[in-house]
Amino acid sequence: MEFLYEYGVFAAKAITWVVAIAVVIALVAGTASRQKRGGDKLEIEDLSADLRRQQRQLQMATANNDSERKTLKQQFKQAAKAEKKQTEVGARLYVLDFKGSMDANEVSGLSREVTGLLQLAKAGDEVLVRLESGGGVVHGYGLGAAELARLKQKGLHLTVAVDKVAASGGYMMACVAERIIAAPFAIVGSIGVVAQMPNFNKFLKGKDIDVELHTAGAYKRTLTLFGENDDEGRAKFREELEVIHHRFKDFIAKNRPALALDKVATGEHWLATDAKDLGLVDELSTSSEYLLAQSEHKRVIRLHFTPKQSLKHKLGYAAELGVSRAISKLMEAGQRPFS
């Protein structure tokens, strides 16, 4: 019996691995064949229709009796006619979502969304950007702010909603808006510049390892990871940070001229309740609350850019999924070798 038990476990493992490999191969073949057909997508979602649908479902689910449900259906039918006319000629609110990381790679998707929106929206329409970012690289968030500025240049009204955080480069983007709304405990501000890097020169010297760095130009490289840094290089590096900080403050002042920069451009961050008193935000509200109120008299449309996933990404996901399933089946086989 022990031999049969061990053989059964071995057979279960072997079959599981064969199945897992077959699944991965099938997924590889499928993703490869779809790679040419697939592409980037700019998706459109009617949020106001979704909200109305949700409201009606809730009303129907909580109706007291069939008579009340019948009355509600008649009301919904009449309202649908009025809503159709409103969507054809009424005001529109477009929604974009931006959740930025340190390297601001999401700006490329935002750029596509802004371009698509400018092809669709009309002057006077409003755009709400639900923004979440703790900041990151200067050039990336500078580009993000420039992309949002395109909306205002075309006559669109820009509002930014901060539910969690808009700090440093995130606030640089937010301040482009005509109005900033924020949830009470959202983190806002951090108008400053920071840079840090390790230096391994002493460690390498202790191992008798020399590092040579050759440059053309006195300040081509001020601080290095492996070379020996000096006071002149440090001073130049700090000078460059100060220049960026001044540009940052100038940008804030241009977009929110009423701010007292000496109070808010210290690198500090605040909760939105305090940030409102300082003038960093205009209104305390969550994005959900704002959209619900606006949907009563505007058609709310969300645009979302979905980039094409690379074959490498798809293969990695397929392999991860296959291994996970194989492990699960092996565990099941070990627990139930025979009935």
# chains A, B, ... in the order shown; residues from 1 in each chain; ligands from 1
$ select_by_dssp --residues "segment 114-228 of chain A" --states "strand (DSSP E)" --output "PyMOL selection string"
chain A and resi 126-132+157-162+165-167+179-182+187-189
$ write_last_selection --atoms "N, CA and C atoms" --output "compact mmCIF listing (two decimals), in the first residue's frame"
# COMPACT_ATOMS: atom_id res chain seq x y z
N GLU A 126 -16.43 70.65 -18.87
CA GLU A 126 -15.57 70.52 -17.68
C GLU A 126 -14.85 69.19 -17.70
N VAL A 127 -13.62 69.20 -17.19
CA VAL A 127 -12.83 67.99 -17.04
C VAL A 127 -12.46 67.84 -15.56
N LEU A 128 -12.75 66.67 -15.02
CA LEU A 128 -12.34 66.36 -13.64
C LEU A 128 -11.23 65.33 -13.70
N VAL A 129 -10.09 65.66 -13.11
CA VAL A 129 -8.97 64.73 -13.02
C VAL A 129 -8.88 64.23 -11.59
N ARG A 130 -9.11 62.93 -11.41
CA ARG A 130 -8.94 62.32 -10.08
C ARG A 130 -7.46 61.95 -9.96
N LEU A 131 -6.75 62.74 -9.18
CA LEU A 131 -5.28 62.67 -9.15
C LEU A 131 -4.80 62.08 -7.83
N GLU A 132 -3.84 61.18 -7.94
CA GLU A 132 -3.21 60.60 -6.76
C GLU A 132 -1.73 60.39 -7.03
N HIS A 157 -12.86 73.70 -18.81
CA HIS A 157 -12.73 74.01 -17.38
C HIS A 157 -12.12 72.79 -16.67
N LEU A 158 -11.04 73.02 -15.95
CA LEU A 158 -10.30 71.91 -15.34
C LEU A 158 -10.44 71.94 -13.82
N THR A 159 -10.91 70.81 -13.28
CA THR A 159 -11.00 70.61 -11.83
C THR A 159 -10.17 69.38 -11.47
N VAL A 160 -9.42 69.46 -10.39
CA VAL A 160 -8.66 68.31 -9.91
C VAL A 160 -9.22 67.88 -8.55
N ALA A 161 -9.44 66.59 -8.40
CA ALA A 161 -9.92 66.02 -7.14
C ALA A 161 -8.81 65.17 -6.53
N VAL A 162 -8.52 65.42 -5.26
CA VAL A 162 -7.48 64.68 -4.55
C VAL A 162 -8.14 63.93 -3.40
N VAL A 165 -3.65 61.74 -1.96
CA VAL A 165 -2.42 62.52 -1.87
C VAL A 165 -2.12 63.22 -3.20
N ALA A 166 -1.69 64.48 -3.10
CA ALA A 166 -1.14 65.22 -4.23
C ALA A 166 0.00 66.06 -3.66
N ALA A 167 1.18 65.47 -3.66
CA ALA A 167 2.34 66.10 -3.03
C ALA A 167 3.47 66.25 -4.03
N ARG A 179 -9.73 74.77 -10.17
CA ARG A 179 -10.23 74.49 -8.83
C ARG A 179 -9.70 73.15 -8.36
N ILE A 180 -9.29 73.09 -7.11
CA ILE A 180 -8.81 71.85 -6.50
C ILE A 180 -9.74 71.49 -5.36
N ILE A 181 -10.31 70.29 -5.42
CA ILE A 181 -11.10 69.78 -4.31
C ILE A 181 -10.35 68.61 -3.70
N ALA A 182 -10.50 68.42 -2.39
CA ALA A 182 -9.74 67.37 -1.72
C ALA A 182 -10.53 66.80 -0.56
N ILE A 187 -3.49 64.29 1.73
CA ILE A 187 -2.21 64.96 1.97
C ILE A 187 -1.87 65.84 0.77
N VAL A 188 -1.58 67.09 1.05
CA VAL A 188 -1.37 68.08 0.00
C VAL A 188 -0.12 68.91 0.31
N GLY A 189 0.59 69.33 -0.75
CA GLY A 189 1.70 70.25 -0.57
C GLY A 189 3.04 69.66 -0.95
$ atom_distance --atom1 "atom CA of His245 of chain A" --atom2 "atom CA of Leu148 of chain A"
20.7 Å
$ residues_around --residues "Glu239 of chain A" --least-positions-apart "5" --cutoff "12 Å" --atoms "only C-alpha atoms" --output "short mmCIF file (atom, residue, chain, number, x, y, z; two decimals) with all heavy atoms, in the first residue's frame"
data_model
loop_
_atom_site.label_atom_id
_atom_site.label_comp_id
_atom_site.auth_asym_id
_atom_site.auth_seq_id
_atom_site.Cartn_x
_atom_site.Cartn_y
_atom_site.Cartn_z
N VAL A 193 12.15 70.22 -3.24
CA VAL A 193 12.93 69.33 -4.08
C VAL A 193 13.89 68.55 -3.20
O VAL A 193 14.49 69.10 -2.28
CB VAL A 193 13.74 70.13 -5.14
CG1 VAL A 193 14.47 69.18 -6.08
CG2 VAL A 193 12.84 71.07 -5.92
N TYR A 219 31.21 70.60 -14.80
CA TYR A 219 30.13 70.09 -13.96
C TYR A 219 29.31 69.02 -14.67
O TYR A 219 28.11 68.88 -14.44
CB TYR A 219 29.22 71.24 -13.53
CG TYR A 219 29.93 72.28 -12.70
CD1 TYR A 219 30.12 73.57 -13.19
CD2 TYR A 219 30.43 71.97 -11.45
CE1 TYR A 219 30.79 74.52 -12.44
CE2 TYR A 219 31.10 72.91 -10.68
CZ TYR A 219 31.29 74.18 -11.18
OH TYR A 219 31.95 75.12 -10.43
N THR A 222 28.57 66.08 -10.99
CA THR A 222 28.90 66.73 -9.72
C THR A 222 29.08 65.73 -8.59
O THR A 222 30.06 65.76 -7.86
CB THR A 222 27.81 67.74 -9.35
OG1 THR A 222 26.54 67.09 -9.36
CG2 THR A 222 27.79 68.90 -10.34
N GLU A 232 33.13 71.11 -3.77
CA GLU A 232 32.72 71.88 -4.95
C GLU A 232 31.57 71.19 -5.68
O GLU A 232 30.60 71.83 -6.08
CB GLU A 232 33.91 72.06 -5.90
CG GLU A 232 33.57 72.92 -7.11
CD GLU A 232 34.74 73.07 -8.08
OE1 GLU A 232 35.80 72.46 -7.81
OE2 GLU A 232 34.58 73.78 -9.09
N GLY A 233 31.68 69.87 -5.82
CA GLY A 233 30.61 69.12 -6.47
C GLY A 233 29.33 69.16 -5.67
O GLY A 233 28.23 69.29 -6.23
N ARG A 234 29.45 69.06 -4.34
CA ARG A 234 28.26 69.12 -3.48
C ARG A 234 27.58 70.49 -3.59
O ARG A 234 26.35 70.59 -3.65
CB ARG A 234 28.64 68.83 -2.04
CG ARG A 234 29.14 67.41 -1.80
CD ARG A 234 29.35 67.14 -0.32
NE ARG A 234 29.94 65.83 -0.11
CZ ARG A 234 31.25 65.61 0.05
NH1 ARG A 234 32.09 66.64 0.04
NH2 ARG A 234 31.70 64.39 0.22
N ILE A 244 15.86 74.35 -9.40
CA ILE A 244 14.62 73.60 -9.64
C ILE A 244 13.52 74.06 -8.68
O ILE A 244 12.36 74.24 -9.07
CB ILE A 244 14.85 72.09 -9.51
CG1 ILE A 244 15.81 71.62 -10.60
CG2 ILE A 244 13.53 71.33 -9.61
CD1 ILE A 244 16.25 70.18 -10.45
N HIS A 245 13.89 74.28 -7.42
CA HIS A 245 12.91 74.73 -6.43
C HIS A 245 12.34 76.10 -6.81
O HIS A 245 11.13 76.34 -6.68
CB HIS A 245 13.57 74.78 -5.04
CG HIS A 245 12.59 74.99 -3.93
ND1 HIS A 245 12.89 75.64 -2.77
CD2 HIS A 245 11.27 74.64 -3.83
CE1 HIS A 245 11.82 75.68 -1.98
NE2 HIS A 245 10.83 75.08 -2.61
N HIS A 246 13.20 77.00 -7.27
CA HIS A 246 12.72 78.33 -7.69
C HIS A 246 11.76 78.20 -8.88
O HIS A 246 10.74 78.89 -8.94
CB HIS A 246 13.90 79.22 -8.05
CG HIS A 246 14.61 79.80 -6.86
ND1 HIS A 246 13.99 80.62 -5.95
CD2 HIS A 246 15.90 79.66 -6.45
CE1 HIS A 246 14.85 80.97 -5.00
NE2 HIS A 246 16.02 80.41 -5.28
#
$ closest_residue --among "A:Gly279, A:Trp270, A:Ala49, A:Asn255" --to "Lys152 of chain A" --atoms "only C-alpha atoms"
A:Asn255
$ atom_distance --atom1 "atom CA of Arg53 of chain A" --atom2 "atom CA of Ser285 of chain A"
23.6 Å
$ residues_around --residues "Ser108 of chain A" --least-positions-apart "4" --cutoff "12 Å" --atoms "only C-alpha atoms" --output "list of chain:residue names"
A:Asp40, A:Phe98, A:Gly100, A:Asp103, A:Ala104, A:Arg112, A:Glu113, A:Val114, A:Thr115, A:Gly140, A:Tyr141, A:Leu143, A:Gly144, A:Ala146, A:Glu147, A:Phe305, A:Thr306, A:Pro307
$ select_by_dssp --residues "segment 104-311 of chain A" --states "alpha helix (DSSP H)" --output "ChimeraX atom specification"
/A:107-120,138-153,169-174,201-206,231-255,261-264,272-278,287-294,311
$ closest_residue --among "A:Leu151, A:Ala174, A:Ile301, A:Ala275" --to "Ile44 of chain A" --atoms "only C-alpha atoms"
A:Ile301
$ atom_distance --atom1 "atom CA of Lys276 of chain A" --atom2 "atom CA of Pro257 of chain A"
14.8 Å
$ closest_residue --among "A:Ser111, A:Ala123, A:Phe226, A:Asp46" --to "Ile209 of chain A" --atoms "only C-alpha atoms"
A:Phe226
$ residues_around --residues "Leu225 of chain A" --least-positions-apart "3" --cutoff "9 Å" --atoms "only C-alpha atoms" --output "list in words"
Met197, Pro198, Asn199, Phe200, Asn201, Glu228 and Asn229 of chain A
$ write_last_selection --atoms "all heavy atoms" --output "mmCIF file, in the first residue's frame"
data_model
loop_
_atom_site.group_PDB
_atom_site.id
_atom_site.type_symbol
_atom_site.label_atom_id
_atom_site.label_comp_id
_atom_site.auth_asym_id
_atom_site.auth_seq_id
_atom_site.Cartn_x
_atom_site.Cartn_y
_atom_site.Cartn_z
ATOM 1 N N MET A 197 21.687 60.061 -2.821
ATOM 2 C CA MET A 197 22.322 58.920 -3.455
ATOM 3 C C MET A 197 23.393 58.365 -2.514
ATOM 4 O O MET A 197 24.032 59.122 -1.772
ATOM 5 C CB MET A 197 22.956 59.301 -4.798
ATOM 6 C CG MET A 197 24.106 60.278 -4.698
ATOM 7 S SD MET A 197 24.922 60.550 -6.281
ATOM 8 C CE MET A 197 23.636 61.414 -7.170
ATOM 9 N N PRO A 198 23.585 57.061 -2.523
ATOM 10 C CA PRO A 198 24.663 56.477 -1.716
ATOM 11 C C PRO A 198 26.003 56.703 -2.400
ATOM 12 O O PRO A 198 26.063 56.944 -3.610
ATOM 13 C CB PRO A 198 24.300 54.994 -1.683
ATOM 14 C CG PRO A 198 23.569 54.773 -2.970
ATOM 15 C CD PRO A 198 22.815 56.041 -3.237
ATOM 16 N N ASN A 199 27.083 56.621 -1.624
ATOM 17 C CA ASN A 199 28.424 56.711 -2.196
ATOM 18 C C ASN A 199 29.263 55.562 -1.629
ATOM 19 O O ASN A 199 29.394 55.407 -0.414
ATOM 20 C CB ASN A 199 29.072 58.052 -1.858
ATOM 21 C CG ASN A 199 30.443 58.180 -2.482
ATOM 22 O OD1 ASN A 199 31.451 57.881 -1.852
ATOM 23 N ND2 ASN A 199 30.488 58.624 -3.736
ATOM 24 N N PHE A 200 29.811 54.762 -2.548
ATOM 25 C CA PHE A 200 30.537 53.552 -2.152
ATOM 26 C C PHE A 200 32.056 53.721 -2.238
ATOM 27 O O PHE A 200 32.793 52.744 -2.190
ATOM 28 C CB PHE A 200 30.114 52.387 -3.060
ATOM 29 C CG PHE A 200 28.639 52.074 -2.999
ATOM 30 C CD1 PHE A 200 27.760 52.581 -3.951
ATOM 31 C CD2 PHE A 200 28.126 51.293 -1.977
ATOM 32 C CE1 PHE A 200 26.410 52.302 -3.888
ATOM 33 C CE2 PHE A 200 26.773 51.009 -1.914
ATOM 34 C CZ PHE A 200 25.911 51.515 -2.876
ATOM 35 N N ASN A 201 32.522 54.965 -2.324
ATOM 36 C CA ASN A 201 33.941 55.181 -2.555
ATOM 37 C C ASN A 201 34.811 54.635 -1.428
ATOM 38 O O ASN A 201 35.832 53.972 -1.679
ATOM 39 C CB ASN A 201 34.200 56.680 -2.754
ATOM 40 C CG ASN A 201 35.639 56.966 -3.098
ATOM 41 O OD1 ASN A 201 36.404 57.441 -2.261
ATOM 42 N ND2 ASN A 201 36.033 56.660 -4.331
ATOM 43 N N GLU A 228 35.082 59.733 -5.668
ATOM 44 C CA GLU A 228 35.219 60.522 -4.448
ATOM 45 C C GLU A 228 34.610 61.897 -4.671
ATOM 46 O O GLU A 228 35.039 62.655 -5.546
ATOM 47 C CB GLU A 228 36.698 60.658 -4.073
ATOM 48 C CG GLU A 228 36.905 61.350 -2.744
ATOM 49 C CD GLU A 228 38.359 61.331 -2.291
ATOM 50 O OE1 GLU A 228 39.188 60.721 -2.991
ATOM 51 O OE2 GLU A 228 38.640 61.923 -1.243
ATOM 52 N N ASN A 229 33.563 62.245 -3.921
ATOM 53 C CA ASN A 229 32.894 63.523 -4.057
ATOM 54 C C ASN A 229 33.628 64.601 -3.272
ATOM 55 O O ASN A 229 34.218 64.332 -2.217
ATOM 56 C CB ASN A 229 31.445 63.427 -3.573
ATOM 57 C CG ASN A 229 30.620 62.486 -4.420
ATOM 58 O OD1 ASN A 229 30.758 62.463 -5.640
ATOM 59 N ND2 ASN A 229 29.755 61.703 -3.790
#
$ residues_around --residues "Arg247 of chain A" --least-positions-apart "2" --cutoff "12 Å" --atoms "only C-alpha atoms" --output "PyMOL selection string"
chain A and resi 138+142+172+191-193+240-245+249-254+265
$ residues_around --residues "Leu72 of chain A" --least-positions-apart "5" --cutoff "10 Å" --atoms "only C-alpha atoms" --output "list in words"
Arg56, Gln59, Met60, Ala63, Asp66, Ser67, Lys77 and Gln78 of chain A
$ closest_residue --among "A:Val176, A:Ala149, A:Ala260, A:Ala61" --to "Leu278 of chain A" --atoms "only C-alpha atoms"
A:Ala260
